[in-house]
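Coordinates from query-v6.tsv are shown below (TSV, C-alpha atoms (C1' of nucleotides)).
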chain	number	residue	atom	x	y	z
A	1	MET	CA	-21.26	187.14	-187.87
A	2	GLU	CA	-19.13	189.59	-189.77
A	3	LYS	CA	-16.15	187.29	-189.38
A	4	ASN	CA	-18.11	184.45	-190.96
A	5	ASN	CA	-18.88	186.59	-193.97
A	6	ARG	CA	-15.26	187.49	-194.40
A	7	ASP	CA	-14.30	183.85	-194.04
A	8	SER	CA	-16.57	182.79	-196.84
A	9	ASP	CA	-15.47	185.76	-198.94
A	10	PHE	CA	-11.80	184.84	-198.91
A	11	LEU	CA	-11.89	181.08	-198.62
A	12	HIS	CA	-12.06	180.68	-202.39
A	13	ILE	CA	-8.53	182.10	-202.56
A	14	GLY	CA	-7.15	179.22	-200.54
A	15	ASN	CA	-9.13	176.69	-202.55
A	16	LYS	CA	-7.92	178.19	-205.81
A	17	LEU	CA	-4.38	177.93	-204.50
A	18	LEU	CA	-4.94	174.26	-203.65
A	19	GLY	CA	-6.20	173.58	-207.15
A	20	TRP	CA	-3.10	175.18	-208.62
A	21	TYR	CA	-0.88	173.20	-206.26
A	22	LYS	CA	-2.39	169.90	-207.40
A	23	ASN	CA	-0.94	170.38	-210.86
A	24	ASN	CA	2.05	172.58	-210.12
A	25	ALA	CA	3.63	171.23	-206.95
A	26	ARG	CA	7.39	171.01	-207.21
A	27	ASP	CA	8.79	167.52	-207.45
A	28	LEU	CA	10.87	167.37	-204.26
A	29	PRO	CA	12.04	164.32	-202.31
A	30	PHE	CA	10.27	165.34	-199.10
A	31	ARG	CA	6.96	165.78	-200.93
A	32	LYS	CA	6.58	162.05	-201.39
A	33	THR	CA	6.39	161.36	-197.66
A	34	LYS	CA	4.47	162.22	-194.55
A	35	ASP	CA	7.18	160.82	-192.32
A	36	PRO	CA	7.36	163.51	-189.63
A	37	TYR	CA	11.07	162.93	-189.20
A	38	LYS	CA	11.80	163.71	-192.84
A	39	ILE	CA	9.42	166.66	-192.92
A	40	TRP	CA	10.99	168.03	-189.74
A	41	ILE	CA	14.52	167.71	-191.11
A	42	CYS	CA	13.57	169.34	-194.36
A	43	GLU	CA	11.89	172.23	-192.56
A	44	ILE	CA	15.05	172.85	-190.55
A	45	VAL	CA	17.40	172.48	-193.51
A	46	PHE	CA	15.41	174.90	-195.62
A	47	GLN	CA	15.04	177.61	-193.02
A	48	GLN	CA	16.48	180.72	-194.63
A	49	THR	CA	17.87	178.46	-197.34
A	50	ARG	CA	16.94	178.03	-201.01
A	51	ILE	CA	15.94	174.59	-202.21
A	52	ASN	CA	18.84	174.33	-204.64
A	53	GLN	CA	21.27	175.33	-201.93
A	54	GLY	CA	20.20	172.71	-199.42
A	55	LEU	CA	18.94	169.78	-201.49
A	56	ASN	CA	22.17	167.78	-201.49
A	57	HIS	CA	22.63	168.40	-197.78
A	58	TYR	CA	19.10	167.18	-197.13
A	59	ASN	CA	19.54	163.99	-199.18
A	60	ASN	CA	22.91	163.17	-197.64
A	61	PHE	CA	21.59	163.87	-194.17
A	62	ILE	CA	18.56	161.57	-194.59
A	63	GLU	CA	20.74	158.84	-196.05
A	64	ARG	CA	23.11	158.92	-193.10
A	65	PHE	CA	20.47	159.60	-190.44
A	66	PRO	CA	17.30	157.95	-191.79
A	67	ASP	CA	15.33	158.17	-188.57
A	68	VAL	CA	15.15	159.72	-185.12
A	69	SER	CA	17.15	157.03	-183.34
A	70	SER	CA	20.06	157.04	-185.80
A	71	LEU	CA	20.33	160.79	-185.37
A	72	ALA	CA	19.99	160.65	-181.60
A	73	GLU	CA	22.77	158.09	-181.33
A	74	ALA	CA	25.19	159.97	-183.57
A	75	GLN	CA	28.10	162.07	-182.35
A	76	GLU	CA	27.50	165.80	-182.51
A	77	ASP	CA	30.61	166.31	-184.63
A	78	GLU	CA	29.29	163.97	-187.28
A	79	VAL	CA	25.98	165.81	-187.39
A	80	LEU	CA	27.96	169.03	-187.87
A	81	LEU	CA	29.88	167.34	-190.65
A	82	TYR	CA	26.70	166.71	-192.59
A	83	TRP	CA	25.75	170.34	-192.02
A	84	LYS	CA	29.08	171.66	-193.30
A	85	GLY	CA	28.60	174.57	-195.67
A	86	LEU	CA	24.92	175.07	-194.92
A	87	GLY	CA	25.33	177.85	-192.39
A	88	TYR	CA	23.37	178.60	-189.23
A	89	TYR	CA	25.12	175.77	-187.44
A	90	SER	CA	23.02	175.99	-184.30
A	91	ARG	CA	20.35	174.30	-186.42
A	92	ALA	CA	22.50	171.16	-186.57
A	93	ILE	CA	23.27	171.23	-182.87
A	94	ASN	CA	19.57	171.70	-182.11
A	95	ILE	CA	18.22	168.90	-184.32
A	96	HIS	CA	20.68	166.56	-182.70
A	97	LYS	CA	19.45	167.55	-179.24
A	98	ALA	CA	15.85	167.40	-180.40
A	99	ALA	CA	16.32	163.84	-181.67
A	100	GLN	CA	17.52	162.87	-178.21
A	101	GLN	CA	14.55	164.74	-176.76
A	102	ILE	CA	12.20	162.61	-178.85
A	103	MET	CA	13.89	159.45	-177.55
A	104	THR	CA	13.75	160.44	-173.90
A	105	ASP	CA	10.63	162.61	-173.63
A	106	PHE	CA	8.42	160.98	-176.27
A	107	GLY	CA	9.53	157.36	-176.11
A	108	GLY	CA	11.16	157.53	-179.53
A	109	VAL	CA	7.86	158.33	-181.22
A	110	PHE	CA	7.67	161.61	-183.10
A	111	PRO	CA	5.14	163.84	-181.30
A	112	SER	CA	1.99	164.58	-183.28
A	113	GLN	CA	0.61	167.63	-181.50
A	114	TYR	CA	1.62	171.20	-182.34
A	115	ASP	CA	2.40	172.03	-178.71
A	116	GLU	CA	4.57	168.95	-178.32
A	117	ILE	CA	6.47	169.54	-181.54
A	118	LEU	CA	7.03	173.11	-180.40
A	119	GLU	CA	8.94	171.81	-177.37
A	120	LEU	CA	11.71	170.41	-179.56
A	121	LYS	CA	14.95	172.36	-179.67
A	122	GLY	CA	15.21	174.51	-182.74
A	123	VAL	CA	11.51	174.18	-183.54
A	124	GLY	CA	9.54	177.40	-183.55
A	125	LYS	CA	5.99	178.26	-184.45
A	126	TYR	CA	6.58	177.99	-188.16
A	127	THR	CA	8.16	174.54	-188.08
A	128	ALA	CA	5.69	173.18	-185.55
A	129	ALA	CA	2.82	174.34	-187.75
A	130	ALA	CA	4.40	172.87	-190.87
A	131	VAL	CA	5.12	169.43	-189.39
A	132	SER	CA	1.80	169.10	-187.56
A	133	SER	CA	-0.22	170.16	-190.60
A	134	ILE	CA	1.67	168.16	-193.23
A	135	CYS	CA	2.04	164.97	-191.21
A	136	PHE	CA	-0.78	164.93	-188.67
A	137	GLY	CA	-3.63	167.00	-190.06
A	138	GLY	CA	-2.91	169.94	-187.78
A	139	ARG	CA	-4.64	173.20	-188.64
A	140	MET	CA	-2.06	175.94	-188.08
A	141	PRO	CA	-0.81	178.10	-190.93
A	142	ALA	CA	2.97	177.78	-191.39
A	143	VAL	CA	3.60	181.49	-191.60
A	144	ASP	CA	6.96	182.31	-193.13
A	145	GLY	CA	8.45	184.77	-195.55
A	146	ASN	CA	6.30	183.37	-198.34
A	147	PHE	CA	3.11	184.01	-196.37
A	148	TYR	CA	4.18	187.57	-195.66
A	149	ARG	CA	4.84	188.21	-199.32
A	150	VAL	CA	1.81	186.47	-200.84
A	151	LEU	CA	-0.72	187.73	-198.31
A	152	SER	CA	0.60	191.29	-198.22
A	153	ARG	CA	0.24	191.40	-201.99
A	154	VAL	CA	-3.13	189.69	-202.25
A	155	PHE	CA	-4.58	192.11	-199.69
A	156	ALA	CA	-2.32	195.03	-200.63
A	157	ASP	CA	-1.56	195.16	-196.93
A	158	ASP	CA	1.24	197.47	-195.84
A	159	PHE	CA	1.70	195.97	-192.38
A	160	ASP	CA	5.44	196.09	-191.69
A	161	ILE	CA	6.88	192.58	-191.87
A	162	SER	CA	10.06	193.53	-189.99
A	163	GLY	CA	8.30	193.92	-186.66
A	164	SER	CA	7.74	191.12	-184.21
A	165	ARG	CA	3.98	191.57	-184.47
A	166	ALA	CA	4.03	190.54	-188.11
A	167	PHE	CA	3.78	186.84	-187.33
A	168	ALA	CA	0.55	187.17	-185.36
A	169	TYR	CA	-0.89	189.62	-187.86
A	170	PHE	CA	-0.29	187.50	-190.95
A	171	SER	CA	-1.35	184.36	-189.08
A	172	GLU	CA	-4.79	185.92	-188.71
A	173	LEU	CA	-4.78	186.93	-192.34
A	174	ALA	CA	-3.87	183.38	-193.28
A	175	GLU	CA	-6.86	182.04	-191.35
A	176	LEU	CA	-9.13	183.97	-193.71
A	177	VAL	CA	-7.97	182.07	-196.77
A	178	MET	CA	-7.05	178.75	-195.16
A	179	PRO	CA	-8.97	175.79	-196.66
A	180	LYS	CA	-9.66	172.37	-195.12
A	181	ASN	CA	-6.41	170.75	-196.21
A	182	VAL	CA	-3.99	172.89	-194.24
A	183	GLY	CA	-0.94	170.73	-194.93
A	184	ASP	CA	-1.28	171.12	-198.68
A	185	PHE	CA	-2.22	174.75	-198.25
A	186	ASN	CA	0.99	175.44	-196.36
A	187	GLN	CA	3.09	173.68	-198.97
A	188	ALA	CA	1.20	175.42	-201.76
A	189	MET	CA	2.10	178.79	-200.26
A	190	MET	CA	5.75	177.79	-200.25
A	191	ASP	CA	5.64	176.80	-203.91
A	192	LEU	CA	3.68	179.84	-204.97
A	193	GLY	CA	6.04	182.13	-203.10
A	194	SER	CA	9.05	180.42	-204.54
A	195	GLU	CA	7.98	179.94	-208.16
A	196	ILE	CA	5.39	182.65	-208.88
A	197	CYS	CA	5.03	185.27	-206.17
A	198	LYS	CA	8.78	185.85	-206.02
A	199	PRO	CA	10.37	188.79	-204.20
A	200	LYS	CA	11.67	190.29	-207.44
A	201	ASN	CA	10.02	189.99	-210.82
A	202	PRO	CA	7.02	187.91	-209.75
A	203	LEU	CA	5.24	186.02	-212.54
A	204	CYS	CA	1.85	187.61	-211.96
A	205	GLY	CA	0.64	186.59	-215.42
A	206	GLU	CA	0.88	182.95	-214.43
A	207	CYS	CA	-0.39	183.40	-210.88
A	208	PRO	CA	-3.53	181.45	-210.00
A	209	LEU	CA	-4.49	184.26	-207.63
A	210	ASN	CA	-3.99	187.22	-209.94
A	211	GLU	CA	-7.72	187.85	-210.25
A	212	ASP	CA	-7.93	188.05	-206.46
A	213	CYS	CA	-4.73	190.00	-205.87
A	214	LEU	CA	-5.40	193.58	-204.88
A	215	ALA	CA	-1.80	194.67	-205.35
A	216	PHE	CA	-1.84	193.25	-208.88
A	217	SER	CA	-5.06	194.98	-209.79
A	218	LEU	CA	-3.58	198.24	-208.50
A	219	ASP	CA	-0.33	197.57	-210.36
A	220	LYS	CA	1.50	197.95	-207.05
A	221	VAL	CA	2.89	194.45	-206.54
A	222	SER	CA	6.40	195.79	-206.10
A	223	ASP	CA	5.23	197.89	-203.14
A	224	PHE	CA	4.64	194.75	-201.07
A	225	PRO	CA	5.60	193.45	-198.65
A	226	VAL	CA	6.57	196.53	-196.66
A	227	LYS	CA	9.78	196.08	-194.75
A	228	THR	CA	11.28	199.04	-192.93
A	229	LYS	CA	14.17	197.53	-191.03
A	230	LYS	CA	17.50	198.11	-192.69
A	231	VAL	CA	20.68	196.55	-191.39
A	232	LYS	CA	24.21	197.76	-191.85
A	233	THR	CA	27.19	195.53	-192.57
A	234	GLU	CA	30.25	195.79	-190.41
A	235	ASP	CA	33.83	194.58	-190.70
A	236	LEU	CA	35.17	191.56	-188.88
A	237	HIS	CA	38.78	190.45	-188.85
A	238	LEU	CA	40.17	187.08	-187.75
A	239	ASN	CA	43.76	185.86	-187.37
A	240	TYR	CA	44.84	182.25	-187.67
A	241	TYR	CA	48.07	180.26	-187.59
A	242	PHE	CA	48.27	177.30	-189.94
A	243	VAL	CA	50.75	175.29	-187.89
A	244	HIS	CA	52.14	172.09	-189.40
A	245	TYR	CA	55.02	169.63	-189.12
A	246	GLN	CA	55.61	166.85	-191.66
A	247	GLY	CA	52.05	166.75	-192.91
A	248	GLN	CA	50.47	167.07	-189.48
A	249	PHE	CA	48.32	170.10	-188.63
A	250	LEU	CA	46.92	171.69	-185.50
A	251	ILE	CA	43.23	172.52	-185.14
A	252	GLN	CA	40.78	173.29	-182.37
A	253	GLN	CA	37.02	173.39	-181.98
A	254	ARG	CA	35.10	176.63	-181.76
A	255	LYS	CA	32.68	177.39	-178.95
A	256	ASP	CA	28.94	177.67	-179.51
A	257	ASP	CA	28.60	181.35	-178.69
A	258	PHE	CA	29.50	183.15	-181.90
A	259	ILE	CA	29.80	182.38	-185.59
A	260	TRP	CA	30.53	178.88	-186.88
A	261	LYS	CA	29.36	177.19	-183.69
A	262	LYS	CA	31.34	174.04	-182.84
A	263	LEU	CA	33.13	174.03	-186.17
A	264	PHE	CA	36.88	173.47	-186.32
A	265	GLU	CA	39.50	176.13	-186.91
A	266	PHE	CA	43.25	176.74	-186.69
A	267	PRO	CA	45.10	178.06	-183.63
A	268	VAL	CA	44.41	181.71	-182.93
A	269	VAL	CA	47.60	182.44	-180.99
A	270	ILE	CA	51.02	180.80	-180.91
A	271	PRO	CA	54.06	181.32	-178.70
A	272	GLN	CA	56.64	183.89	-179.71
A	273	GLU	CA	59.29	181.29	-180.53
A	274	LEU	CA	57.11	179.75	-183.25
A	275	GLU	CA	56.82	183.03	-185.14
A	276	SER	CA	60.25	182.39	-186.64
A	277	PHE	CA	58.84	179.41	-188.54
A	278	THR	CA	56.33	181.56	-190.37
A	279	LYS	CA	56.62	181.23	-194.14
A	280	GLY	CA	54.06	183.79	-195.20
A	281	VAL	CA	50.63	185.25	-194.60
A	282	LYS	CA	47.57	184.96	-196.79
A	283	THR	CA	44.51	187.14	-196.53
A	284	ILE	CA	41.10	185.72	-197.35
A	285	ARG	CA	38.06	187.88	-197.85
A	286	HIS	CA	34.72	186.34	-197.18
A	287	LYS	CA	31.20	187.69	-197.07
A	288	LEU	CA	29.03	186.76	-194.14
A	289	THR	CA	25.53	188.06	-193.61
A	290	HIS	CA	25.94	191.66	-192.47
A	291	LYS	CA	29.67	191.19	-192.10
A	292	ASN	CA	32.62	191.83	-194.33
A	293	LEU	CA	35.02	189.24	-193.09
A	294	SER	CA	38.77	189.27	-193.66
A	295	ILE	CA	40.93	186.43	-192.42
A	296	GLU	CA	44.70	186.46	-192.13
A	297	ILE	CA	46.29	183.04	-192.10
A	298	ALA	CA	49.98	182.73	-191.25
A	299	ASP	CA	51.58	179.56	-192.59
A	300	VAL	CA	53.84	178.23	-189.83
A	301	GLU	CA	55.90	175.24	-190.87
A	302	ILE	CA	57.73	173.73	-187.90
A	303	THR	CA	61.02	172.16	-188.91
A	304	SER	CA	62.19	170.98	-185.50
A	305	GLU	CA	60.63	167.88	-184.02
A	306	MET	CA	61.60	169.04	-180.55
A	307	VAL	CA	59.79	172.33	-180.96
A	308	TRP	CA	56.74	170.56	-182.40
A	309	LEU	CA	56.48	167.99	-179.63
A	310	ASP	CA	57.07	170.58	-176.97
A	311	PHE	CA	54.33	172.79	-178.39
A	312	ILE	CA	51.63	170.16	-178.86
A	313	ASN	CA	52.24	168.69	-175.44
A	314	LYS	CA	51.55	171.99	-173.75
A	315	ASN	CA	48.34	172.90	-175.61
A	316	GLY	CA	45.00	171.25	-176.15
A	317	TYR	CA	45.15	171.24	-179.90
A	318	ILE	CA	43.93	168.42	-182.09
A	319	ILE	CA	46.46	166.93	-184.50
A	320	THR	CA	45.24	165.91	-187.95
A	321	ASP	CA	46.65	165.24	-191.40
A	322	LEU	CA	43.64	167.16	-192.78
A	323	HIS	CA	43.20	164.61	-195.49
A	324	GLY	CA	39.87	164.03	-194.12
A	325	SER	CA	38.82	167.47	-194.13
A	326	HIS	CA	35.70	165.45	-194.81
A	327	GLU	CA	36.18	164.19	-191.27
A	328	LYS	CA	35.94	167.59	-189.63
A	329	SER	CA	33.60	170.45	-190.30
A	330	PHE	CA	35.45	173.68	-191.11
A	331	PRO	CA	34.03	177.11	-191.91
A	332	LYS	CA	33.75	177.79	-195.62
A	333	PRO	CA	36.76	180.08	-196.01
A	334	LEU	CA	39.03	177.79	-193.99
A	335	GLU	CA	37.76	174.85	-195.99
A	336	SER	CA	38.87	176.56	-199.19
A	337	TYR	CA	42.22	177.43	-197.67
A	338	ILE	CA	42.80	173.81	-196.69
A	339	GLN	CA	41.92	172.53	-200.14
A	340	ASN	CA	44.41	174.90	-201.74
A	341	SER	CA	47.14	174.14	-199.22
A	342	LEU	CA	46.91	170.39	-199.64
A	343	LYS	CA	47.36	170.68	-203.41
A	344	ASP	CA	50.94	171.86	-202.97
B	1	DA	C1'	11.63	194.30	-179.33
B	2	DA	C1'	16.10	193.99	-181.14
B	3	DT	C1'	20.01	191.37	-182.43
B	4	DC	C1'	22.51	187.59	-183.97
B	5	DC	C1'	23.43	183.56	-186.78
B	6	DG	C1'	25.78	181.55	-193.03
B	7	DG	C1'	25.80	181.10	-197.35
B	8	DG	C1'	24.39	181.69	-201.99
B	9	DG	C1'	21.66	183.71	-205.79
B	10	DC	C1'	19.93	187.53	-208.10
B	11	DG	C1'	19.08	192.15	-210.24
C	1	DC	C1'	26.48	195.74	-203.71
C	2	DG	C1'	22.03	195.30	-201.30
C	3	DC	C1'	18.26	192.34	-200.68
C	4	DC	C1'	16.19	187.98	-199.90
C	5	DC	C1'	15.50	183.30	-198.34
C	6	DA	C1'	10.76	176.64	-195.84
C	7	DG	C1'	13.26	180.97	-188.68
C	8	DG	C1'	14.75	180.40	-184.00
C	9	DA	C1'	17.35	181.50	-179.84
C	10	DT	C1'	19.01	184.82	-176.93
C	11	DT	C1'	19.11	189.03	-174.44
Mind turning this structure into structure tokens?
Amino acid sequence: MEKNNRDSDFLHIGNKLLGWYKNNARDLPFRKTKDPYKIWICEIVFQQTRINQGLNHYNNFIERFPDVSSLAEAQEDEVLLYWKGLGYYSRAINIHKAAQQIMTDFGGVFPSQYDEILELKGVGKYTAAAVSSICFGGRMPAVDGNFYRVLSRVFADDFDISGSRAFAYFSELAELVMPKNVGDFNQAMMDLGSEICKPKNPLCGECPLNEDCLAFSLDKVSDFPVKTKKVKTEDLHLNYYFVHYQGQFLIQQRKDDFIWKKLFEFPVVIPQELESFTKGVKTIRHKLTHKNLSIEIADVEITSEMVWLDFINKNGYIITDLHGSHEKSFPKPLESYIQNSLKD
DNA sequence: AATCCGGGGCG
DNA sequence: CGCCCAGGATT
């Protein structure tokens, strides 16, 4: 009984949000479709990624892999190639596997139920809720960083969003304001969180919910959401050898257990006798999340064909002219290094 | 429950 | 320079 009262009390917030969304939805390519494949891809691409940062990747990806089967049939390396520069590369590996999952486990038809969608590799509760609600009328709130921020402010709720219980807590809060059209509601929360209820300098004057927002009425918007966890950055150093002979270069593929999963890189060690061909060493500094990365790259130009042939025959390196660095996916800093090197 | 995974934008 | 972002997998 009490719950019903609370439901009816707060439901007008969700409806007000829907009304705002009708006239203020962002004009994005994946808003014009309910194709679950496209919605799924966009949800994965834009995990932890701003729209402007991932929009070109999304468009290129959809153009090359327009549907589940084209993605499932692709080589993993090519999927990685279309992910190059986006970060979180396990996402690319997982969508590729998930596409194959849809072919084998679901007969090539995109699953429509939340629980089924949740089975796909790389799909968690957020993405399953988003796809099922936007494409199939599912009724789960797609609780993400935007939900945490908007709801914690509207209710002036200091529940710590860093803890693992935050998802369940804010999911319940979301149920209180969730209107009939859950798909639009979920997308409206994304747009409100991105355009109005921003982390810094939110535009509360333009917010459709400002009359309902407790934090705003208390002038304490900047106090929410509460996040206690602080992370420290540490240093990471990598060494590479840029080994080449007459325009040919040696590369190898990374494993999938650390950073830059399955991306390509230069040799990490070389035999003693090749050290004498070293021309110089460049140091690259690069910022990774929570890591200050420095990379030393030794330029090793082999001048003896015998040495070159002997070396490549003994090791499992891949030989490339690097002129399709658009044919292999390299980590960002190595990509820059290659571009500069090939100019000379 | 805690940790890891990229890269870019912003104040 | 620290924080944040359309999170999920792993341990």
Item to complete: Just need the residues of chain C within 8 Å of chain A, counting all atoms listed in the file, so spit them out as a ChimeraX atom specification.
Response: /C:4-9
What would the file look like if the residues just selected were written as an mmCIF file, keeping the file's coordinate frame with C-alpha atoms (C1' of nucleotides)?
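The resulting file, again-v5.cif, is reproduced below:
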data_model
loop_
_atom_site.group_PDB
_atom_site.id
_atom_site.type_symbol
_atom_site.label_atom_id
_atom_site.label_comp_id
_atom_site.auth_asym_id
_atom_site.auth_seq_id
_atom_site.Cartn_x
_atom_site.Cartn_y
_atom_site.Cartn_z
ATOM 1 C "C1'" DC C 4 16.190 187.980 -199.900
ATOM 2 C "C1'" DC C 5 15.500 183.300 -198.340
ATOM 3 C "C1'" DA C 6 10.760 176.640 -195.840
ATOM 4 C "C1'" DG C 7 13.260 180.970 -188.680
ATOM 5 C "C1'" DG C 8 14.750 180.400 -184.000
ATOM 6 C "C1'" DA C 9 17.350 181.500 -179.840
#
Fill in: Nearest to DG9 (chain B), chosen from A:Asn52, A:Pro66, A:His12, A:Val243, with only C-alpha atoms (C1' of nucleotides) counted in the distances
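Checking each of A:Asn52, A:Pro66, A:His12, A:Val243 against DG9 (chain B), counting only C-alpha atoms (C1' of nucleotides), the winner is A:Asn52.
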Practice prompt. Excluding DT10 (chain C) and residues on its chain fewer than 4 positions from it, collect all residues at most 12 Å away from it, counting all atoms listed in the file, and give them as a ChimeraX atom specification.
Written response: /A:257-258 /B:2-5
Hey, can you pull every residue with an atom no more than 12 Å from (20.0, 198.3, -201.3), using all atoms listed in the file, and send it as an mmCIF file with C-alpha atoms (C1' of nucleotides), in the coordinates of the input?
data_model
loop_
_atom_site.group_PDB
_atom_site.id
_atom_site.type_symbol
_atom_site.label_atom_id
_atom_site.label_comp_id
_atom_site.auth_asym_id
_atom_site.auth_seq_id
_atom_site.Cartn_x
_atom_site.Cartn_y
_atom_site.Cartn_z
ATOM 1 C CA LYS A 229 14.170 197.530 -191.030
ATOM 2 C CA LYS A 230 17.500 198.110 -192.690
ATOM 3 C CA VAL A 231 20.680 196.550 -191.390
ATOM 4 C CA LYS A 232 24.210 197.760 -191.850
ATOM 5 C CA THR A 233 27.190 195.530 -192.570
ATOM 6 C "C1'" DG B 11 19.080 192.150 -210.240
ATOM 7 C "C1'" DC C 1 26.480 195.740 -203.710
ATOM 8 C "C1'" DG C 2 22.030 195.300 -201.300
ATOM 9 C "C1'" DC C 3 18.260 192.340 -200.680
ATOM 10 C "C1'" DC C 4 16.190 187.980 -199.900
#
Discussion item. With 9 Å as the limit and counting only C-alpha atoms (C1' of nucleotides), what residues in chain A lie close to chain B? Please list them as a PyMOL selection string.
Written reply: chain A and resi 49-50+53+85-90+163-164+200+258-260+287-289+332
Worksheet item: In Å, with one decimal, what is the gap from CA of Gly137 (chain A) to CA of Phe185 (chain A)?
Response: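 Separation of CA of Gly137 (chain A) and CA of Phe185 (chain A): 11.4 Å.
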